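Shown next, in structure tokens, is the structure this report addresses.
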Amino acid sequence: QLQLVESGGGLVQSGGSLRLSCAASGFALADYSIGWFRQAPGKDREGVSRISSSEGVMDYAQSVEGRFTISRDNAKNAVYLQMNSLKTENTDVYCCAANSKPLSSVDQALVRCYAGEFVYWGQGTQVTVSS
């Protein structure tokens, strides 16, 4: 079965850290650019971070720059999102998605998300940051 599975979400106090994982099964994640997105019920989806497939180039939404780090481990067929110095406003459902086309930025990732270009989506993992 071809799928992405996220894990690592949970409840953490403000200032704490979480590490989200996005694991692929049935296909090689190394062949895809990966985007991390967040979405709250009734709100628009937002781009959080992206990492390219080949060179591992990454970038972030301005709101998380310097606090979040995206990385990939092709040997483990997984991508990670290390979230440090979490704030209450980071509370959301976080999803990873795979795109077979190159992504030049997290903004482009969001545009392509709304264009329906991401091939695989995870089910999402809830991140809740308490004050």
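FYI, nothing fancy with the structure tokens labels: chains A, B, ... in order, residues from 1 per chain, ligands from 1 as they appear.
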
Wanna dump the segment 55-128 of chain A-segment 12-25 of chain A contacts at 7 Å for me, each residue with its shortest atom pair and the distance in Å to one decimal, counting only C-alpha atoms, ordered by chain and number, as JSON lines?
{"residue": "A:Asn77", "atom": "CA", "partner": "A:Ala24", "partner_atom": "CA", "distance": 5.8}
{"residue": "A:Ala78", "atom": "CA", "partner": "A:Ala23", "partner_atom": "CA", "distance": 4.4}
{"residue": "A:Val79", "atom": "CA", "partner": "A:Cys22", "partner_atom": "CA", "distance": 5.1}
{"residue": "A:Tyr80", "atom": "CA", "partner": "A:Ser21", "partner_atom": "CA", "distance": 4.6}
{"residue": "A:Leu81", "atom": "CA", "partner": "A:Leu20", "partner_atom": "CA", "distance": 5.0}
{"residue": "A:Gln82", "atom": "CA", "partner": "A:Arg19", "partner_atom": "CA", "distance": 4.4}
{"residue": "A:Met83", "atom": "CA", "partner": "A:Leu18", "partner_atom": "CA", "distance": 5.2}
{"residue": "A:Asn84", "atom": "CA", "partner": "A:Ser17", "partner_atom": "CA", "distance": 4.4}
{"residue": "A:Ser85", "atom": "CA", "partner": "A:Gly15", "partner_atom": "CA", "distance": 4.2}
{"residue": "A:Leu86", "atom": "CA", "partner": "A:Gly15", "partner_atom": "CA", "distance": 4.8}
{"residue": "A:Lys87", "atom": "CA", "partner": "A:Ser14", "partner_atom": "CA", "distance": 5.0}
{"residue": "A:Thr88", "atom": "CA", "partner": "A:Ser14", "partner_atom": "CA", "distance": 6.2}
{"residue": "A:Cys96", "atom": "CA", "partner": "A:Cys22", "partner_atom": "CA", "distance": 6.3}
{"residue": "A:Thr128", "atom": "CA", "partner": "A:Val12", "partner_atom": "CA", "distance": 6.3}

For N, CA, C and O atoms, I'd like the residues from the last selection saved as a PDB file, in the first residue's frame.
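Contents of the output file result_16.pdb:
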ATOM      1  N   ASN A  77      13.588   6.152   4.649  1.00  0.00           N
ATOM      2  CA  ASN A  77      12.390   6.488   3.881  1.00  0.00           C
ATOM      3  C   ASN A  77      11.465   7.412   4.673  1.00  0.00           C
ATOM      4  O   ASN A  77      10.237   7.196   4.724  1.00  0.00           O
ATOM      5  N   ALA A  78      12.065   8.421   5.279  1.00  0.00           N
ATOM      6  CA  ALA A  78      11.291   9.287   6.162  1.00  0.00           C
ATOM      7  C   ALA A  78      11.770  10.730   6.089  1.00  0.00           C
ATOM      8  O   ALA A  78      12.921  11.005   5.725  1.00  0.00           O
ATOM      9  N   VAL A  79      10.865  11.622   6.427  1.00  0.00           N
ATOM     10  CA  VAL A  79      11.158  13.044   6.575  1.00  0.00           C
ATOM     11  C   VAL A  79      10.717  13.456   7.972  1.00  0.00           C
ATOM     12  O   VAL A  79       9.729  12.911   8.496  1.00  0.00           O
ATOM     13  N   TYR A  80      11.433  14.403   8.550  1.00  0.00           N
ATOM     14  CA  TYR A  80      11.154  14.811   9.917  1.00  0.00           C
ATOM     15  C   TYR A  80      10.940  16.322   9.996  1.00  0.00           C
ATOM     16  O   TYR A  80      11.464  17.077   9.167  1.00  0.00           O
ATOM     17  N   LEU A  81      10.200  16.729  11.006  1.00  0.00           N
ATOM     18  CA  LEU A  81      10.040  18.147  11.305  1.00  0.00           C
ATOM     19  C   LEU A  81      10.305  18.323  12.792  1.00  0.00           C
ATOM     20  O   LEU A  81       9.476  17.941  13.627  1.00  0.00           O
ATOM     21  N   GLN A  82      11.467  18.849  13.107  1.00  0.00           N
ATOM     22  CA  GLN A  82      11.820  19.150  14.498  1.00  0.00           C
ATOM     23  C   GLN A  82      11.245  20.510  14.849  1.00  0.00           C
ATOM     24  O   GLN A  82      11.555  21.502  14.195  1.00  0.00           O
ATOM     25  N   MET A  83      10.425  20.543  15.873  1.00  0.00           N
ATOM     26  CA  MET A  83       9.717  21.759  16.260  1.00  0.00           C
ATOM     27  C   MET A  83      10.193  22.161  17.645  1.00  0.00           C
ATOM     28  O   MET A  83       9.917  21.470  18.633  1.00  0.00           O
ATOM     29  N   ASN A  84      10.924  23.256  17.730  1.00  0.00           N
ATOM     30  CA  ASN A  84      11.444  23.758  19.001  1.00  0.00           C
ATOM     31  C   ASN A  84      10.787  25.078  19.364  1.00  0.00           C
ATOM     32  O   ASN A  84      10.193  25.745  18.515  1.00  0.00           O
ATOM     33  N   SER A  85      10.900  25.439  20.615  1.00  0.00           N
ATOM     34  CA  SER A  85      10.345  26.711  21.106  1.00  0.00           C
ATOM     35  C   SER A  85       8.895  26.873  20.664  1.00  0.00           C
ATOM     36  O   SER A  85       8.499  27.926  20.143  1.00  0.00           O
ATOM     37  N   LEU A  86       8.121  25.843  20.887  1.00  0.00           N
ATOM     38  CA  LEU A  86       6.744  25.862  20.417  1.00  0.00           C
ATOM     39  C   LEU A  86       5.915  26.918  21.132  1.00  0.00           C
ATOM     40  O   LEU A  86       6.129  27.202  22.322  1.00  0.00           O
ATOM     41  N   LYS A  87       4.980  27.469  20.395  1.00  0.00           N
ATOM     42  CA  LYS A  87       4.086  28.501  20.902  1.00  0.00           C
ATOM     43  C   LYS A  87       2.647  27.993  20.793  1.00  0.00           C
ATOM     44  O   LYS A  87       2.345  27.106  19.990  1.00  0.00           O
ATOM     45  N   THR A  88       1.768  28.599  21.573  1.00  0.00           N
ATOM     46  CA  THR A  88       0.371  28.165  21.539  1.00  0.00           C
ATOM     47  C   THR A  88      -0.220  28.296  20.141  1.00  0.00           C
ATOM     48  O   THR A  88      -1.061  27.479  19.746  1.00  0.00           O
ATOM     49  N   CYS A  96       2.062  15.837   6.221  1.00  0.00           N
ATOM     50  CA  CYS A  96       3.123  15.835   5.223  1.00  0.00           C
ATOM     51  C   CYS A  96       2.539  15.355   3.897  1.00  0.00           C
ATOM     52  O   CYS A  96       1.545  14.616   3.866  1.00  0.00           O
ATOM     53  N   THR A 128      -0.621  20.062  19.937  1.00  0.00           N
ATOM     54  CA  THR A 128      -1.306  20.969  20.844  1.00  0.00           C
ATOM     55  C   THR A 128      -0.288  21.553  21.808  1.00  0.00           C
ATOM     56  O   THR A 128       0.412  20.815  22.497  1.00  0.00           O
TER      57      THR A 128
END

>> Just want the 8 Å neighbourhood of Val93 of chain A, counted on only C-alpha atoms, with same-chain residues fewer than 3 positions away dropped. Output as a PyMOL selection string.
In response: chain A and resi 38-40+124-127

> Leaving out Asp107 of chain A and any residue of its chain fewer than 5 positions from it, which residues lie within 12 Å of it when counting only C-alpha atoms, given as a ChimeraX atom specification?
Replying inline: /A:35-37,45-50,58-62,112-114

Mind dumping the selected residues with all heavy atoms as a compact mmCIF listing (two decimals), in the first residue's frame?
# COMPACT_ATOMS: atom_id res chain seq x y z
N GLY A 35 6.42 18.42 1.48
CA GLY A 35 5.93 19.61 2.15
C GLY A 35 5.26 19.25 3.47
O GLY A 35 4.62 18.20 3.58
N TRP A 36 5.45 20.09 4.45
CA TRP A 36 4.70 19.99 5.70
C TRP A 36 3.69 21.13 5.71
O TRP A 36 4.06 22.28 5.44
CB TRP A 36 5.60 20.11 6.93
CG TRP A 36 6.31 18.86 7.32
CD1 TRP A 36 7.60 18.52 7.05
CD2 TRP A 36 5.76 17.78 8.09
NE1 TRP A 36 7.89 17.30 7.61
CE2 TRP A 36 6.78 16.81 8.25
CE3 TRP A 36 4.52 17.53 8.68
CZ2 TRP A 36 6.61 15.62 8.96
CZ3 TRP A 36 4.34 16.34 9.38
CH2 TRP A 36 5.38 15.40 9.52
N PHE A 37 2.45 20.81 6.05
CA PHE A 37 1.37 21.78 6.08
C PHE A 37 0.66 21.70 7.42
O PHE A 37 0.73 20.69 8.11
CB PHE A 37 0.37 21.51 4.95
CG PHE A 37 0.99 21.53 3.58
CD1 PHE A 37 1.46 20.36 3.01
CD2 PHE A 37 1.10 22.70 2.87
CE1 PHE A 37 2.05 20.36 1.75
CE2 PHE A 37 1.68 22.71 1.60
CZ PHE A 37 2.15 21.54 1.05
N ARG A 45 -5.46 25.95 4.75
CA ARG A 45 -4.20 25.25 4.98
C ARG A 45 -3.04 26.22 4.82
O ARG A 45 -3.07 27.11 3.98
CB ARG A 45 -4.09 24.09 3.99
CG ARG A 45 -2.87 23.21 4.14
CD ARG A 45 -3.00 22.02 3.24
NE ARG A 45 -4.01 21.09 3.72
CZ ARG A 45 -4.66 20.22 2.95
NH1 ARG A 45 -4.42 20.20 1.65
NH2 ARG A 45 -5.55 19.41 3.46
N GLU A 46 -2.00 26.01 5.60
CA GLU A 46 -0.81 26.85 5.52
C GLU A 46 0.42 25.99 5.29
O GLU A 46 0.53 24.88 5.81
CB GLU A 46 -0.63 27.64 6.82
CG GLU A 46 -1.74 28.61 7.14
CD GLU A 46 -1.49 29.33 8.46
OE1 GLU A 46 -0.37 29.23 8.99
OE2 GLU A 46 -2.41 29.99 8.95
N GLY A 47 1.35 26.51 4.53
CA GLY A 47 2.62 25.83 4.34
C GLY A 47 3.52 26.08 5.53
O GLY A 47 3.58 27.21 6.03
N VAL A 48 4.20 25.07 5.99
CA VAL A 48 5.11 25.18 7.13
C VAL A 48 6.56 25.08 6.66
O VAL A 48 7.40 25.90 7.02
CB VAL A 48 4.81 24.10 8.18
CG1 VAL A 48 5.81 24.17 9.32
CG2 VAL A 48 3.39 24.22 8.70
N SER A 49 6.84 24.07 5.86
CA SER A 49 8.21 23.84 5.42
C SER A 49 8.20 22.94 4.20
O SER A 49 7.21 22.26 3.91
CB SER A 49 9.03 23.20 6.54
OG SER A 49 10.39 23.05 6.15
N ARG A 50 9.31 22.93 3.47
CA ARG A 50 9.45 22.00 2.37
C ARG A 50 10.90 21.62 2.24
O ARG A 50 11.80 22.36 2.65
CB ARG A 50 8.93 22.61 1.05
CG ARG A 50 9.77 23.80 0.54
CD ARG A 50 10.83 23.41 -0.47
NE ARG A 50 11.77 24.51 -0.65
CZ ARG A 50 12.80 24.48 -1.50
NH1 ARG A 50 13.01 23.40 -2.25
NH2 ARG A 50 13.62 25.51 -1.59
N MET A 58 15.91 23.30 1.65
CA MET A 58 14.74 23.46 2.52
C MET A 58 14.45 24.93 2.76
O MET A 58 15.33 25.77 2.64
CB MET A 58 14.99 22.75 3.84
CG MET A 58 16.17 23.31 4.60
SD MET A 58 16.83 22.18 5.85
CE MET A 58 17.78 21.08 4.82
N ASP A 59 13.20 25.22 3.06
CA ASP A 59 12.87 26.53 3.57
C ASP A 59 11.59 26.44 4.41
O ASP A 59 10.97 25.37 4.50
CB ASP A 59 12.78 27.59 2.47
CG ASP A 59 11.59 27.42 1.55
OD1 ASP A 59 11.21 26.26 1.30
OD2 ASP A 59 11.06 28.42 1.08
N TYR A 60 11.24 27.57 5.03
CA TYR A 60 10.22 27.58 6.07
C TYR A 60 9.30 28.78 5.95
O TYR A 60 9.67 29.82 5.40
CB TYR A 60 10.90 27.62 7.44
CG TYR A 60 11.90 26.51 7.65
CD1 TYR A 60 13.24 26.68 7.30
CD2 TYR A 60 11.51 25.28 8.18
CE1 TYR A 60 14.15 25.66 7.47
CE2 TYR A 60 12.42 24.26 8.36
CZ TYR A 60 13.73 24.45 7.99
OH TYR A 60 14.64 23.43 8.16
N ALA A 61 8.13 28.62 6.51
CA ALA A 61 7.28 29.78 6.69
C ALA A 61 7.96 30.73 7.66
O ALA A 61 8.67 30.31 8.59
CB ALA A 61 5.92 29.35 7.24
N GLN A 62 7.74 32.00 7.46
CA GLN A 62 8.41 33.00 8.29
C GLN A 62 8.08 32.81 9.77
O GLN A 62 8.93 33.05 10.64
CB GLN A 62 8.00 34.40 7.84
CG GLN A 62 8.85 35.52 8.40
CD GLN A 62 8.55 36.87 7.77
OE1 GLN A 62 7.58 37.01 7.00
NE2 GLN A 62 9.36 37.86 8.06
N ARG A 112 0.93 24.60 -5.05
CA ARG A 112 0.77 23.27 -5.68
C ARG A 112 -0.14 22.37 -4.86
O ARG A 112 -0.78 21.48 -5.39
CB ARG A 112 2.12 22.64 -5.91
CG ARG A 112 2.91 23.39 -6.99
CD ARG A 112 4.11 22.67 -7.45
NE ARG A 112 4.71 23.30 -8.62
CZ ARG A 112 5.84 22.93 -9.15
NH1 ARG A 112 6.52 21.92 -8.62
NH2 ARG A 112 6.32 23.55 -10.21
N CYS A 113 -0.17 22.61 -3.57
CA CYS A 113 -1.11 21.87 -2.71
C CYS A 113 -2.53 22.16 -3.16
O CYS A 113 -3.32 21.25 -3.35
CB CYS A 113 -0.88 22.26 -1.27
SG CYS A 113 -2.22 21.81 -0.15
N TYR A 114 -2.86 23.45 -3.30
CA TYR A 114 -4.21 23.82 -3.70
C TYR A 114 -4.51 23.43 -5.13
O TYR A 114 -5.67 23.28 -5.51
CB TYR A 114 -4.44 25.32 -3.48
CG TYR A 114 -4.74 25.66 -2.04
CD1 TYR A 114 -3.83 26.34 -1.26
CD2 TYR A 114 -5.95 25.27 -1.46
CE1 TYR A 114 -4.10 26.64 0.07
CE2 TYR A 114 -6.23 25.56 -0.14
CZ TYR A 114 -5.30 26.25 0.62
OH TYR A 114 -5.58 26.53 1.92

> Quick one: residues within 9 Å of Ser100 of chain A, only C-alpha atoms counted, chain neighbours fewer than 5 positions away excluded, as a PyMOL selection string?
Replying inline: chain A and resi 31-34+53+117-119

>> Among chain A, which ones does DSSP assign to helix (DSSP H, G or I) (computed from the backbone)? Answer as a list of chain:residue names.
In response: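 Put together, the selection reads A:Leu29, A:Ala30, A:Asp31, A:Thr88, A:Glu89, A:Asn90, A:Val106, A:Asp107, A:Gln108, A:Ala109, A:Leu110, A:Val111, A:Arg112, A:Cys113, A:Tyr114.
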
> Mind pulling up the distance from atom CA of Ser52 of chain A to atom CA of Ser104 of chain A?
Replying inline: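 Calculated distance between atom CA of Ser104 of chain A and atom CA of Ser52 of chain A is 7.8 Å.
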
> DSSP on the backbone: what in segment 8-131 of chain A comes out strand (DSSP E or B), as a PyMOL selection string?
Replying inline: chain A and resi 10-13+18-25+33-39+46-51+58-60+68-73+78-83+92-99+120-121+125-130

> What is the atom CA of Gln1 of chain A to atom CA of Glu55 of chain A distance in Å?
Replying inline: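 Between these atoms lies a distance of 27.0 Å.
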